[in-house]
Amino acid sequence: FFGQSKLVLGFLNRCFGAYPKVDAQKCVGCGKCAELCPLNNIHLTAGKPSWDDHCTHCMACICDCPTAAIEYGRASVGKPRYHCPEVEE
C-alpha cells in the first residue's frame with residue numbers, strides 16, 4: 001500500500017516519531033552511521049548525526065554504532081544489535 005514513496009515515508013516518520021535518535025552523551029561523532037546509510041540520509045551536523053526525510057529503517061546506523069548511541073526510543077534500548085558479517089569493521 002505505502003510502497004517506497006518518500007512523501008508517505010516522511011509523513012509516517014514524522015507522525016509516529018519513527019526516526020532514530022542519538023544520545024549526545026554517548027555519540028563520539030565518528031560518522032560511521034553516515035558512511036553506512038545506503039540512502040545517504042544521515043549527515044553530521046556539529047559532530048552529531050542528523051537524518052533527512054527518507055529513512056527506510058534499515059537499522060544500519062543503530063546496529064553498527066560503536067558506542068550504541070543511536071536508538072529508536074525505548075523500542076531498541078537494551079536490545080542486541082545485529083552486525084552483518086559482510087560489512088568490514
# chains A, B, ... in the order shown; residues from 1 in each chain; ligands from 1

$ residues_around --residues "Cys58 (chain A)" --least-positions-apart "5" --cutoff "12 Å" --atoms "only C-alpha atoms" --output "number ranges by chain"
A: 19-20, 33, 36-39, 41, 63-64, 72, 82, 84

$ write_last_selection --atoms "N, CA, C and O atoms" --output "compact mmCIF listing (two decimals), in the first residue's frame"
# COMPACT_ATOMS: atom_id res chain seq x y z
N TYR A 19 11.93 8.02 13.82
CA TYR A 19 13.30 8.29 13.41
C TYR A 19 14.25 7.84 14.49
O TYR A 19 13.95 7.93 15.68
N PRO A 20 15.42 7.38 14.09
CA PRO A 20 16.45 7.10 15.09
C PRO A 20 16.79 8.38 15.85
O PRO A 20 16.71 9.48 15.31
N CYS A 33 27.75 5.95 11.11
CA CYS A 33 26.33 5.88 10.72
C CYS A 33 26.12 6.50 9.34
O CYS A 33 25.43 5.94 8.49
N LEU A 36 27.55 4.27 6.53
CA LEU A 36 26.83 3.04 6.26
C LEU A 36 25.43 3.22 5.71
O LEU A 36 24.86 2.29 5.15
N CYS A 37 24.86 4.41 5.83
CA CYS A 37 23.49 4.63 5.38
C CYS A 37 23.40 4.41 3.86
O CYS A 37 24.03 5.14 3.09
N PRO A 38 22.61 3.43 3.41
CA PRO A 38 22.53 3.14 1.98
C PRO A 38 21.86 4.25 1.17
O PRO A 38 22.01 4.30 -0.05
N LEU A 39 21.12 5.14 1.82
CA LEU A 39 20.44 6.23 1.11
C LEU A 39 21.13 7.58 1.30
O LEU A 39 20.60 8.61 0.88
N ASN A 41 21.24 9.29 3.90
CA ASN A 41 20.21 10.03 4.61
C ASN A 41 20.73 10.68 5.89
O ASN A 41 20.04 11.48 6.50
N CYS A 63 22.57 -0.54 14.41
CA CYS A 63 23.30 -1.78 14.66
C CYS A 63 24.81 -1.63 14.62
O CYS A 63 25.52 -2.39 15.26
N ASP A 64 25.31 -0.66 13.86
CA ASP A 64 26.76 -0.54 13.73
C ASP A 64 27.37 0.66 14.44
O ASP A 64 28.55 0.94 14.28
N TYR A 72 15.92 3.73 18.68
CA TYR A 72 14.55 4.05 18.25
C TYR A 72 13.74 4.21 19.52
O TYR A 72 12.89 3.38 19.84
N TYR A 82 22.45 -6.37 15.58
CA TYR A 82 22.89 -7.30 14.55
C TYR A 82 24.05 -6.67 13.80
O TYR A 82 24.01 -5.50 13.45
N CYS A 84 26.16 -7.31 10.41
CA CYS A 84 26.28 -8.06 9.17
C CYS A 84 27.74 -8.51 8.98
O CYS A 84 28.64 -7.67 8.99

$ select_by_dssp --residues "region 4-87 of chain A" --states "helix (DSSP H, G or I)" --output "VMD selection string"
chain A and resid 6 to 16 32 to 36 60 to 63 73 to 75

$ atom_distance --atom1 "CA of Gly47 (chain A)" --atom2 "CA of Ile62 (chain A)"
16.8 Å

$ residues_around --residues "Ala34 (chain A)" --least-positions-apart "4" --cutoff "7 Å" --atoms "only C-alpha atoms" --output "PyMOL selection string"
chain A and resi 40+42-43
